[in-house]
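Dumped my_file18.txt below, it's compact mmCIF, C-alpha atoms:
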# COMPACT_ATOMS: atom_id res chain seq x y z
CA MET J 1 23.00 6.09 4.54
CA GLN J 2 20.65 4.47 6.99
CA VAL J 3 18.03 1.93 5.97
CA GLU J 4 15.41 0.66 8.36
CA ALA J 5 12.49 -1.78 8.11
CA MET J 6 9.67 0.18 9.70
CA GLN J 7 6.79 -2.03 10.66
CA ARG J 8 6.18 -5.65 11.51
CA GLY J 9 3.09 -7.41 10.24
CA ALA J 10 1.05 -7.01 7.13
CA PHE J 11 2.05 -3.50 6.09
CA GLY J 12 5.80 -3.31 6.34
CA TRP J 13 7.79 -0.61 4.58
CA ALA J 14 11.35 0.70 4.56
CA LEU J 15 12.70 4.15 5.38
CA VAL J 16 15.92 5.15 3.64
CA LYS J 17 17.79 8.15 5.08
CA LEU J 18 20.32 9.54 2.65
CA ASN J 19 23.13 11.97 3.38
CA SER J 20 23.81 14.76 0.94
CA GLY J 21 24.82 13.35 -2.45
CA GLU J 22 24.04 9.73 -1.61
CA LYS J 23 21.98 7.55 -3.93
CA PHE J 24 19.59 4.66 -3.48
CA ILE J 25 17.91 2.35 -6.00
CA SER J 26 14.49 0.74 -5.84
CA GLU J 27 12.04 -1.15 -7.93
CA ALA J 28 10.06 1.41 -9.97
CA GLY J 29 6.82 2.40 -8.31
CA ALA J 30 7.88 1.46 -4.79
CA MET J 31 8.37 5.03 -3.52
CA PHE J 32 5.43 6.40 -1.55
CA ARG J 33 6.98 9.33 0.31
CA VAL J 34 10.06 11.38 -0.36
CA SER J 35 11.76 14.58 0.87
CA SER J 36 11.45 17.54 -1.48
CA ASN J 37 15.18 17.67 -2.23
CA ILE J 38 15.36 14.07 -3.47
CA GLU J 39 15.84 13.78 -7.21
CA ILE J 40 14.24 10.78 -8.84
CA ASP J 41 15.59 9.30 -12.01
CA VAL J 42 14.24 6.27 -13.79
CA THR J 43 16.72 3.98 -15.48
CA THR J 44 16.91 0.53 -16.94
CA ARG J 45 20.34 0.01 -15.55
CA SER J 46 21.95 -0.74 -12.27
CA ARG J 47 25.57 0.23 -11.77
CA SER J 48 27.58 -2.33 -13.67
CA SER J 49 25.17 -4.65 -15.42
CA GLY J 50 23.76 -1.94 -17.59
CA GLY J 51 21.67 -1.31 -20.60
CA LEU J 52 18.49 -2.38 -22.19
CA LEU J 53 19.31 -6.05 -22.10
CA SER J 54 19.60 -6.14 -18.34
CA GLY J 55 16.21 -4.42 -18.18
CA VAL J 56 14.67 -7.17 -20.28
CA ARG J 57 16.32 -9.78 -18.13
CA ARG J 58 14.99 -8.16 -14.98
CA MET J 59 11.54 -8.24 -16.45
CA ILE J 60 11.89 -11.95 -17.12
CA ALA J 61 12.93 -12.31 -13.50
CA GLY J 62 9.56 -10.95 -12.38
CA GLU J 63 10.94 -7.51 -11.61
CA SER J 64 9.84 -4.29 -13.18
CA PHE J 65 11.75 -3.26 -16.25
CA PHE J 66 12.67 0.06 -14.72
CA LEU J 67 14.52 0.96 -11.58
CA SER J 68 14.21 4.26 -9.77
CA THR J 69 17.30 6.05 -8.53
CA TYR J 70 17.00 8.57 -5.69
CA THR J 71 19.66 11.20 -5.06
CA ALA J 72 19.79 13.57 -2.09
CA SER J 73 20.56 16.92 -3.71
CA GLY J 74 20.76 20.56 -2.67
CA GLY J 75 23.56 19.93 -0.20
CA ARG J 76 21.16 18.34 2.27
CA GLY J 77 20.18 14.86 3.30
CA GLY J 78 16.71 13.45 2.71
CA GLU J 79 14.37 10.52 3.20
CA VAL J 80 12.74 8.01 0.89
CA GLY J 81 9.92 5.73 1.99
CA LEU J 82 9.54 2.47 0.03
CA ALA J 83 6.56 0.14 0.14
CA PRO J 84 6.07 -3.17 -1.66
CA LYS J 85 2.99 -4.09 -3.68
CA LEU J 86 2.14 -7.20 -1.73
CA GLN J 87 1.09 -7.09 1.89
CA GLY J 88 3.72 -8.37 4.24
CA GLU J 89 6.92 -7.72 6.08
CA VAL J 90 10.05 -6.00 4.83
CA ALA J 91 13.62 -6.79 5.89
CA VAL J 92 16.95 -5.07 5.41
CA ILE J 93 19.85 -7.41 4.66
CA ASP J 94 23.32 -5.99 5.26
CA CYS J 95 25.31 -7.51 2.46
CA ASP J 96 29.05 -7.62 2.82
CA SER J 97 31.61 -8.36 0.18
CA ARG J 98 32.46 -11.76 1.65
CA ASN J 99 29.13 -13.31 0.86
CA ARG J 100 26.88 -12.97 -2.13
CA TRP J 101 23.11 -13.09 -1.73
CA VAL J 102 20.47 -14.50 -4.02
CA CYS J 103 17.08 -12.79 -3.97
CA ALA J 104 13.88 -14.22 -5.47
CA GLY J 105 12.69 -12.08 -8.39
CA GLY J 106 9.50 -10.86 -6.78
CA SER J 107 11.13 -10.13 -3.41
CA TYR J 108 13.49 -7.33 -4.45
CA LEU J 109 12.43 -3.91 -3.16
CA GLY J 110 15.56 -1.77 -3.20
CA SER J 111 19.32 -1.65 -2.78
CA SER J 112 22.35 0.53 -2.28
CA PRO J 113 24.05 1.56 -5.55
CA ASP J 114 27.16 -0.19 -4.26
CA LEU J 115 25.46 -3.52 -4.82
CA ASP J 116 25.59 -5.18 -8.21
CA ILE J 117 22.28 -6.79 -9.06
CA ASP J 118 22.21 -9.31 -11.85
CA THR J 119 19.59 -11.72 -13.10
CA GLN J 120 20.48 -15.35 -12.73
CA PHE J 121 19.23 -17.45 -15.54
CA GLN J 122 17.74 -20.53 -13.94
CA GLY J 123 17.88 -22.60 -17.08
CA LEU J 124 15.40 -25.38 -17.42
CA ARG J 125 14.93 -25.77 -13.71
CA GLY J 126 13.38 -22.31 -13.67
CA VAL J 127 11.01 -23.18 -16.49
CA PHE J 128 9.84 -26.42 -14.97
CA SER J 129 9.27 -25.07 -11.50
CA GLY J 130 5.95 -23.64 -12.64
CA GLU J 131 6.32 -20.74 -10.23
CA SER J 132 7.74 -17.33 -10.86
CA LEU J 133 11.07 -18.74 -9.90
CA SER J 134 13.83 -16.46 -10.96
CA PHE J 135 16.66 -15.18 -8.89
CA LEU J 136 18.68 -12.02 -8.70
CA SER J 137 22.28 -12.31 -7.70
CA VAL J 138 23.43 -9.56 -5.32
CA GLU J 139 27.12 -8.79 -4.93
CA GLY J 140 28.98 -6.15 -2.99
CA ALA J 141 28.62 -4.41 0.36
CA GLY J 142 25.58 -2.38 1.39
CA PRO J 143 21.94 -2.68 2.38
CA LEU J 144 19.47 -4.75 0.35
CA ILE J 145 15.74 -4.45 1.02
CA VAL J 146 13.54 -7.47 0.46
CA ASN J 147 9.81 -7.85 0.87
CA ALA J 148 7.66 -10.86 1.65
CA PHE J 149 4.09 -11.97 1.20
CA GLY J 150 3.20 -12.39 4.86
CA LYS J 151 5.61 -12.90 7.69
CA LEU J 152 9.34 -13.09 7.16
CA THR J 153 11.29 -15.80 8.90
CA GLU J 154 15.06 -16.00 9.01
CA VAL J 155 16.42 -19.53 9.13
CA ASP J 156 20.00 -20.55 9.72
CA VAL J 157 20.38 -23.59 7.55
CA ALA J 158 22.98 -26.05 8.73
CA GLY J 159 22.64 -29.20 6.71
CA HIS J 160 19.45 -29.55 4.68
CA LEU J 161 16.10 -27.86 4.35
CA THR J 162 13.32 -28.42 1.81
CA VAL J 163 11.35 -25.30 0.87
CA ASP J 164 8.35 -24.90 -1.38
CA THR J 165 9.39 -22.71 -4.32
CA GLY J 166 6.83 -20.00 -3.55
CA HIS J 167 8.22 -19.32 -0.08
CA VAL J 168 11.83 -18.39 -0.84
CA VAL J 169 12.71 -14.71 -0.36
CA ALA J 170 16.51 -14.59 -0.26
CA PHE J 171 19.47 -16.71 0.73
CA GLU J 172 23.23 -16.58 1.04
CA GLU J 173 25.08 -18.04 -1.86
CA SER J 174 26.98 -20.31 0.49
CA LEU J 175 23.83 -22.42 0.29
CA THR J 176 23.46 -24.59 -2.76
CA TYR J 177 20.12 -25.87 -3.90
CA SER J 178 18.56 -28.32 -6.25
CA ILE J 179 15.02 -28.46 -7.54
CA ASP J 180 13.25 -31.63 -6.58
CA LYS J 181 9.85 -33.17 -6.05
CA ALA J 182 8.22 -32.72 -2.65
CA GLY J 183 7.25 -36.29 -1.91
CA GLY J 184 8.75 -39.68 -2.46
CA SER J 185 7.56 -39.85 -6.05
CA TRP J 186 6.48 -37.44 -8.77
CA VAL J 187 2.93 -38.82 -8.68
CA GLN J 188 2.63 -38.21 -4.94
CA SER J 189 4.02 -34.69 -5.31
CA PHE J 190 1.59 -33.93 -8.08
CA LEU J 191 -1.42 -35.32 -6.24
CA THR J 192 -0.72 -33.36 -3.08
CA SER J 193 -0.35 -30.22 -5.27
CA GLU J 194 3.06 -29.64 -3.74
CA GLY J 195 4.81 -29.77 -7.09
CA LEU J 196 8.41 -28.70 -6.91
CA THR J 197 10.52 -27.74 -3.96
CA LEU J 198 14.00 -26.37 -3.47
CA LYS J 199 16.34 -28.54 -1.47
CA PHE J 200 18.97 -26.42 0.22
CA PHE J 201 22.33 -27.78 1.33
CA GLY J 202 25.18 -26.27 3.24
CA HIS J 203 25.42 -23.47 5.76
CA GLY J 204 23.94 -20.03 5.43
CA ARG J 205 21.07 -17.71 6.12
CA LEU J 206 17.75 -18.10 4.37
CA TYR J 207 14.74 -15.78 4.46
CA LEU J 208 11.32 -17.36 4.00
CA GLN J 209 7.90 -15.82 3.54
CA SER J 210 4.99 -17.34 5.42
CA HIS J 211 2.63 -17.26 2.43
CA ASN J 212 2.86 -18.18 -1.22
CA PRO J 213 1.74 -15.38 -3.59
CA ASP J 214 0.97 -17.84 -6.39
CA GLU J 215 -1.33 -19.88 -4.14
CA PHE J 216 -3.24 -16.74 -3.15
CA GLY J 217 -3.44 -15.71 -6.81
CA LYS J 218 -4.81 -19.13 -7.69
CA SER J 219 -7.52 -18.78 -5.06
CA VAL J 220 -8.62 -15.29 -6.17
CA GLY J 221 -8.17 -15.81 -9.92
CA PRO J 222 -11.15 -18.12 -10.50
CA LEU J 223 -13.44 -15.54 -8.85
CA LEU J 224 -12.49 -12.86 -11.37
CA PRO J 225 -14.25 -12.37 -14.73
CA PRO J 226 -12.34 -13.48 -17.83
CA ARG J 227 -9.90 -10.98 -19.30
CA SER J 228 -11.35 -9.03 -22.18
CA SER J 229 -9.05 -9.62 -25.11
CA MET C 1 3.89 -34.19 18.30
CA ASP C 2 4.38 -30.49 18.84
CA LEU C 3 1.95 -28.11 17.11
CA GLN C 4 2.59 -24.41 17.03
CA ILE C 5 0.66 -21.59 15.35
CA ASP C 6 2.28 -18.23 14.79
CA GLY C 7 1.61 -15.15 12.69
CA ASN C 8 -2.05 -14.74 13.68
CA PRO C 9 -4.26 -12.86 13.00
CA ASP C 10 -3.08 -11.76 9.54
CA TYR C 11 -0.52 -14.36 8.50
CA GLY C 12 -1.22 -17.46 10.49
CA GLN C 13 0.93 -20.47 9.79
CA LEU C 14 1.44 -23.82 11.45
CA ARG C 15 4.63 -25.53 12.47
CA VAL C 16 4.54 -29.23 13.31
CA HIS C 17 7.24 -31.26 14.95
CA LEU C 18 6.66 -34.93 14.27
CA GLY C 19 8.12 -37.68 16.39
CA PRO C 20 9.22 -40.95 14.74
CA GLY C 21 6.19 -42.83 13.40
CA GLU C 22 3.75 -39.93 13.85
CA THR C 23 1.71 -38.66 10.93
CA PHE C 24 -0.03 -35.39 10.18
CA LEU C 25 -2.48 -34.40 7.45
CA ALA C 26 -2.67 -31.06 5.66
CA GLU C 27 -4.49 -29.56 2.72
CA GLY C 28 -2.73 -30.19 -0.59
CA GLY C 29 -0.30 -27.46 -1.60
CA SER C 30 0.01 -25.95 1.86
CA MET C 31 3.49 -27.15 2.80
CA SER C 32 5.95 -24.25 2.95
CA TRP C 33 9.11 -25.88 4.21
CA MET C 34 10.22 -29.11 5.86
CA ASP C 35 13.15 -31.24 6.91
CA VAL C 36 14.69 -33.22 4.11
CA GLY C 37 13.83 -36.62 5.60
CA MET C 38 10.07 -35.93 5.54
CA ASN C 39 7.83 -38.34 3.59
CA VAL C 40 4.83 -36.97 1.75
CA ARG C 41 2.00 -39.15 0.52
CA ALA C 42 -1.25 -38.18 -1.12
CA ARG C 43 -4.37 -39.37 0.67
CA LEU C 44 -8.02 -39.06 -0.17
CA MET C 45 -10.11 -38.04 2.78
CA GLY C 46 -13.52 -39.69 2.97
CA GLY C 47 -13.36 -41.61 -0.29
CA PHE C 48 -12.76 -40.61 -3.88
CA LEU C 49 -16.25 -39.48 -4.80
CA ARG C 50 -16.63 -37.27 -1.76
CA ALA C 51 -13.19 -35.84 -2.21
CA LEU C 52 -14.04 -35.12 -5.83
CA ILE C 53 -17.27 -33.40 -4.85
CA ARG C 54 -15.38 -31.34 -2.31
CA LYS C 55 -12.87 -30.29 -4.91
CA ILE C 56 -15.46 -29.28 -7.47
CA THR C 57 -17.84 -27.53 -5.13
CA GLY C 58 -15.98 -26.71 -1.99
CA GLY C 59 -12.75 -25.28 -3.29
CA GLU C 60 -10.78 -27.88 -1.36
CA SER C 61 -7.98 -29.83 -2.93
CA LEU C 62 -8.75 -33.37 -3.98
CA PHE C 63 -5.98 -34.90 -1.94
CA VAL C 64 -4.55 -34.10 1.40
CA GLY C 65 -0.87 -34.60 2.09
CA GLU C 66 0.11 -37.11 4.72
CA TYR C 67 3.42 -36.22 6.35
CA SER C 68 5.64 -38.52 8.34
CA CYS C 69 9.28 -38.75 9.22
CA ASP C 70 11.12 -41.93 10.21
CA ARG C 71 13.61 -40.08 12.38
CA GLY C 72 11.21 -37.34 13.41
CA GLY C 73 11.37 -33.84 12.01
CA GLU C 74 9.73 -30.53 11.37
CA VAL C 75 7.32 -29.33 8.70
CA ALA C 76 5.56 -25.96 8.28
CA PHE C 77 2.27 -25.22 6.53
CA SER C 78 0.56 -22.03 5.47
CA PRO C 79 -2.90 -21.62 3.96
CA ALA C 80 -3.34 -20.09 0.49
CA ARG C 81 -5.25 -17.15 1.93
CA PRO C 82 -3.67 -14.80 4.42
CA GLY C 83 -5.57 -14.84 7.68
CA THR C 84 -5.98 -16.68 10.94
CA VAL C 85 -5.26 -20.32 11.65
CA MET C 86 -7.51 -21.75 14.37
CA GLN C 87 -6.88 -24.86 16.40
CA ARG C 88 -9.71 -26.88 17.86
CA THR C 89 -9.33 -29.96 20.01
CA MET C 90 -11.98 -32.48 19.02
CA THR C 91 -13.15 -34.98 21.61
CA GLY C 92 -15.75 -36.95 19.71
CA ASP C 93 -17.83 -33.86 18.90
CA SER C 94 -18.24 -32.39 15.44
CA ILE C 95 -18.03 -29.06 13.65
CA THR C 96 -19.12 -27.90 10.20
CA LEU C 97 -16.62 -26.03 8.02
CA THR C 98 -17.47 -24.00 4.93
CA GLY C 99 -15.71 -24.78 1.64
CA GLY C 100 -12.04 -23.82 1.63
CA SER C 101 -11.79 -23.54 5.43
CA PHE C 102 -10.22 -26.91 6.15
CA PHE C 103 -6.48 -26.63 6.74
CA ALA C 104 -4.95 -29.58 8.61
CA CYS C 105 -5.57 -32.27 11.22
CA THR C 106 -4.13 -35.15 13.18
CA PRO C 107 -5.00 -38.67 11.92
CA GLY C 108 -7.91 -39.20 14.37
CA ILE C 109 -10.12 -36.62 12.65
CA GLU C 110 -12.70 -37.73 10.10
CA LEU C 111 -13.87 -35.51 7.30
CA SER C 112 -17.12 -36.00 5.47
CA THR C 113 -18.81 -33.94 2.82
CA LYS C 114 -22.29 -32.72 3.53
CA PHE C 115 -24.68 -31.34 0.96
CA GLY C 116 -25.96 -28.06 2.28
CA GLY C 117 -29.37 -28.35 0.65
CA LEU C 118 -30.92 -25.93 -1.78
CA ARG C 119 -30.61 -23.01 0.59
CA SER C 120 -26.82 -23.34 0.44
CA VAL C 121 -27.04 -22.19 -3.19
CA PHE C 122 -27.72 -18.76 -1.76
CA SER C 123 -25.35 -18.97 1.17
CA GLY C 124 -22.34 -17.84 -0.82
CA GLU C 125 -20.39 -20.52 1.02
CA GLY C 126 -20.51 -23.26 -1.59
CA LEU C 127 -22.95 -26.09 -2.03
CA PHE C 128 -21.15 -28.49 0.22
CA PHE C 129 -19.84 -28.18 3.70
CA MET C 130 -17.30 -30.31 5.42
CA GLU C 131 -18.21 -32.02 8.61
CA CYS C 132 -15.27 -32.79 10.88
CA SER C 133 -15.60 -35.25 13.72
CA GLY C 134 -13.50 -37.67 15.70
CA THR C 135 -10.75 -37.17 18.22
CA GLY C 136 -7.63 -35.11 17.76
CA GLU C 137 -6.52 -31.65 16.68
CA LEU C 138 -8.28 -29.86 13.86
CA PHE C 139 -6.97 -26.72 12.15
CA PHE C 140 -9.01 -24.43 9.98
CA ASN C 141 -8.28 -21.07 8.41
CA SER C 142 -9.97 -17.87 7.38
CA PHE C 143 -9.43 -14.93 5.06
CA GLY C 144 -8.83 -12.06 7.47
CA SER C 145 -9.07 -12.65 11.18
CA ILE C 146 -11.54 -14.92 12.96
CA ILE C 147 -14.27 -13.75 15.30
CA GLU C 148 -15.62 -16.38 17.68
CA LYS C 149 -19.22 -15.75 18.54
CA GLU C 150 -21.16 -17.65 21.16
CA ILE C 151 -24.75 -17.79 19.93
CA ASP C 152 -27.74 -18.39 22.13
CA GLY C 153 -30.85 -17.45 20.23
CA SER C 154 -30.38 -16.09 16.74
CA PHE C 155 -27.76 -14.13 14.88
CA VAL C 156 -27.51 -12.70 11.39
CA VAL C 157 -24.33 -12.94 9.27
CA ASP C 158 -23.62 -11.63 5.79
CA THR C 159 -23.00 -14.48 3.36
CA GLY C 160 -19.34 -15.19 2.72
CA HIS C 161 -18.22 -14.42 6.26
CA VAL C 162 -18.97 -17.80 7.81
CA VAL C 163 -16.04 -20.12 8.52
CA ALA C 164 -17.45 -22.77 10.85
CA TRP C 165 -20.24 -23.54 13.27
CA GLU C 166 -21.02 -26.05 15.96
CA PRO C 167 -23.77 -28.67 15.50
CA GLY C 168 -26.14 -26.92 17.93
CA LEU C 169 -26.70 -24.22 15.33
CA SER C 170 -28.81 -24.27 12.18
CA TYR C 171 -29.34 -21.57 9.63
CA THR C 172 -31.81 -20.16 7.15
CA ILE C 173 -31.21 -17.82 4.24
CA ARG C 174 -33.12 -14.62 3.96
CA GLY C 175 -32.95 -11.16 2.46
CA MET C 176 -32.01 -8.24 4.64
CA GLY C 177 -35.16 -6.14 5.02
CA GLY C 178 -37.28 -5.73 1.89
CA LEU C 179 -36.29 -6.19 -1.71
CA LYS C 180 -35.31 -2.55 -2.03
CA SER C 181 -32.87 -2.60 0.85
CA THR C 182 -31.52 -5.97 -0.27
CA VAL C 183 -30.64 -4.56 -3.67
CA LEU C 184 -29.51 -1.13 -2.54
CA SER C 185 -27.61 -1.84 0.65
CA GLY C 186 -25.21 -4.28 -0.91
CA GLU C 187 -25.93 -6.57 2.00
CA GLY C 188 -27.85 -8.91 -0.27
CA LEU C 189 -28.67 -12.19 1.35
CA VAL C 190 -27.82 -13.07 4.89
CA MET C 191 -27.63 -16.27 6.89
CA GLU C 192 -29.64 -16.32 10.04
CA PHE C 193 -28.30 -18.76 12.59
CA SER C 194 -30.36 -20.02 15.45
CA GLY C 195 -29.81 -22.42 18.30
CA ARG C 196 -26.97 -22.65 20.74
CA GLY C 197 -23.30 -23.01 19.98
CA LYS C 198 -20.22 -21.32 18.69
CA LEU C 199 -20.00 -19.60 15.32
CA TYR C 200 -16.68 -18.68 13.68
CA LEU C 201 -16.68 -15.68 11.35
CA GLN C 202 -14.02 -14.18 9.12
CA THR C 203 -13.49 -10.42 8.81
CA ARG C 204 -12.87 -10.46 5.03
CA THR C 205 -14.37 -12.41 2.15
CA MET C 206 -12.84 -13.78 -1.03
CA GLY C 207 -15.86 -12.46 -2.91
CA GLY C 208 -15.06 -9.01 -1.57
CA ILE C 209 -11.46 -8.92 -2.74
CA ALA C 210 -12.47 -10.45 -6.08
CA SER C 211 -15.10 -7.83 -6.78
CA TRP C 212 -12.66 -5.08 -5.77
CA LEU C 213 -10.10 -6.47 -8.22
CA THR C 214 -12.54 -7.08 -11.06
CA PRO C 215 -12.46 -3.54 -12.55
CA PHE C 216 -8.66 -3.87 -12.84
CA VAL C 217 -8.72 -7.07 -14.87
CA GLY C 218 -7.36 -5.92 -18.22
Using structure tokens, write down the structure that the file contains.
Amino acid sequence: MQVEAMQRGAFGWALVKLNSGEKFISEAGAMFRVSSNIEIDVTTRSRSSGGLLSGVRRMIAGESFFLSTYTASGGRGGEVGLAPKLQGEVAVIDCDSRNRWVCAGGSYLGSSPDLDIDTQFQGLRGVFSGESLSFLSVEGAGPLIVNAFGKLTEVDVAGHLTVDTGHVVAFEESLTYSIDKAGGSWVQSFLTSEGLTLKFFGHGRLYLQSHNPDEFGKSVGPLLPPRSS
Amino acid sequence: MDLQIDGNPDYGQLRVHLGPGETFLAEGGSMSWMDVGMNVRARLMGGFLRALIRKITGGESLFVGEYSCDRGGEVAFSPARPGTVMQRTMTGDSITLTGGSFFACTPGIELSTKFGGLRSVFSGEGLFFMECSGTGELFFNSFGSIIEKEIDGSFVVDTGHVVAWEPGLSYTIRGMGGLKSTVLSGEGLVMEFSGRGKLYLQTRTMGGIASWLTPFVG
């Protein structure tokens, strides 16, 4: 299996090359090109955390309920092209079994079937963040594909870093975080519209997206007509 | 203070390294990440009433964030709309920004709200503009990339594409051709600029993406 992020800039996508018999999993609807011998199966389960319940939990995490599974059949290899909904860059993270990764709900694009993907319940801190803050926990060894709104930046955190909740794509679990106000006081944070931030501590890699999808949504939303009920 | 733009033209963002005691101002909600020791305070630019008017009519946030760091540190900002971030060094001159185009500045820049007059009703750029003057670094942003156009004479722009213009320019609103072509071409009203100075245009409009999305609103 070979997974490659294909393009920098606004229209990134990922090309997955599978050997005969190999499988790959993606968010449903992400496939835009595929070899003719690739079989596509839609499931609600990933390998270990299976069943309907995990589908519901994924949906809560901002992911689609369904996952697509691609299998290279017919004794030949094949290719799958995956593209995210939002415009922006795509990155391939090589997960190894030493370190778990945490991926923001909306940033998951695809993964090797050797990776266990599970929804992390954020508890009250998720509810109060006001953003679609939900995380997937990724365990195992293999490639994970993430997508960003805008440019992706990889940061090696050593110590502390404060990040606005809408800019987190993925991070190593060696980093711990707490949810906190942006400014010195809650009033100041509210007035500057910064709201809540994640304060990261420790050592590890962190992927950030240059733009905040919620902020863009808030600037387009008022220009749209009201939803017909 | 070290100011660095990257990601242009489609995903411009701004990274600021502040020395001890230095401050920097940015549109509310635009901070994306920062060092833990950074202080954030809300500040009204140009008085409460003007800031309120800007918020209601110009699509700007009511408060701007004032960032400082006792030990010095780094903070990054990105605008809500993907596009280009422009830097302009102000040396006592002024520039007019359309609503939503202001992004960030150093403390020496003054912002004031200017009523665009009745014609601005038809400009598609909001009723109020923001006039920036003073000395320092000004940052503004666009949706899509920015085209800088040196005008000497007159120039016609579709409404919604204007980001900023220099004080040597003035504009009038008019229809494109006759009533029939105005209605049928989809070009609607245009802004005709005349005079001498620089005009900043954006390649996409928020109205454009909104009307494309409208049929999909369930």
Hey, could you pull the box centre and edge lengths for region 26-36 of chain C, axis-aligned, 4 Å padding per side, all listed atoms, to one decimal in Å, as JSON?
{"center_x": 5.1, "center_y": -28.7, "center_z": 2.7, "size_x": 27.2, "size_y": 17.0, "size_z": 16.5}
Q | Among the residues J:Lys199, J:Arg227, J:His211, J:Lys218, the one that comes closest to Ala182 (chain J) [using all atoms listed in the file] | A |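 Ranking J:Lys199, J:Arg227, J:His211, J:Lys218 by distance to Ala182 (chain J), first place goes to J:Lys199.
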Q) Is there a way to get, as number ranges by chain, all residues within 10 Å of the point (-10.3, -36.0, 15.2) in file coordinates, counting all atoms listed in the file? A) C: 88-94, 105-111, 132-138
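Using all atoms listed in the file, the protein and nucleic acid residues lying no more than 9 Å from Gly72 (chain C), apart from those fewer than 4 places from it along its own chain, are His17, Leu18, Gly19, Pro20, Gly21, Glu22, Gly37, Met38 and Ser68 of chain C.
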Could you write out the selected residues, including C-alpha atoms, as a PDB file, in the frame of the given file?
ATOM      1  CA  HIS C  17       7.240 -31.260  14.950  1.00  0.00           C
ATOM      2  CA  LEU C  18       6.660 -34.930  14.270  1.00  0.00           C
ATOM      3  CA  GLY C  19       8.120 -37.680  16.390  1.00  0.00           C
ATOM      4  CA  PRO C  20       9.220 -40.950  14.740  1.00  0.00           C
ATOM      5  CA  GLY C  21       6.190 -42.830  13.400  1.00  0.00           C
ATOM      6  CA  GLU C  22       3.750 -39.930  13.850  1.00  0.00           C
ATOM      7  CA  GLY C  37      13.830 -36.620   5.600  1.00  0.00           C
ATOM      8  CA  MET C  38      10.070 -35.930   5.540  1.00  0.00           C
ATOM      9  CA  SER C  68       5.640 -38.520   8.340  1.00  0.00           C
TER      10      SER C  68
END
Q) Rounded to one decimal in Å, what is the spacing between CA of Arg100 (chain J) and CA of Val3 (chain J)? A) 19.1 Å
With a distance threshold of 6 Å and counting all atoms listed in the file, extract the residues of chain J near chain C and express them as a short mmCIF file (atom, residue, chain, number, x, y, z; two decimals) with C-alpha atoms, in the coordinates of the input.
data_model
loop_
_atom_site.label_atom_id
_atom_site.label_comp_id
_atom_site.auth_asym_id
_atom_site.auth_seq_id
_atom_site.Cartn_x
_atom_site.Cartn_y
_atom_site.Cartn_z
CA GLY J 150 3.20 -12.39 4.86
CA LEU J 161 16.10 -27.86 4.35
CA THR J 162 13.32 -28.42 1.81
CA VAL J 163 11.35 -25.30 0.87
CA ASP J 164 8.35 -24.90 -1.38
CA GLY J 183 7.25 -36.29 -1.91
CA GLN J 188 2.63 -38.21 -4.94
CA LEU J 191 -1.42 -35.32 -6.24
CA THR J 192 -0.72 -33.36 -3.08
CA SER J 193 -0.35 -30.22 -5.27
CA GLU J 194 3.06 -29.64 -3.74
CA GLU J 215 -1.33 -19.88 -4.14
CA PHE J 216 -3.24 -16.74 -3.15
CA LEU J 223 -13.44 -15.54 -8.85
CA LEU J 224 -12.49 -12.86 -11.37
CA ARG J 227 -9.90 -10.98 -19.30
#
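Using all atoms listed in the file, the nearest neighbour of Gly29 (chain J) within the list J:Leu175, J:Ala83, J:Trp13, J:Leu136 is J:Ala83.
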Q. Do you know which residues are at most 9 Å from Ser194 (chain C) counting only C-alpha atoms, after dropping those on the same chain fewer than 2 positions away, and could you put them as a PyMOL selection string?
A. chain C and resi 151-156+168-172+192+196-197
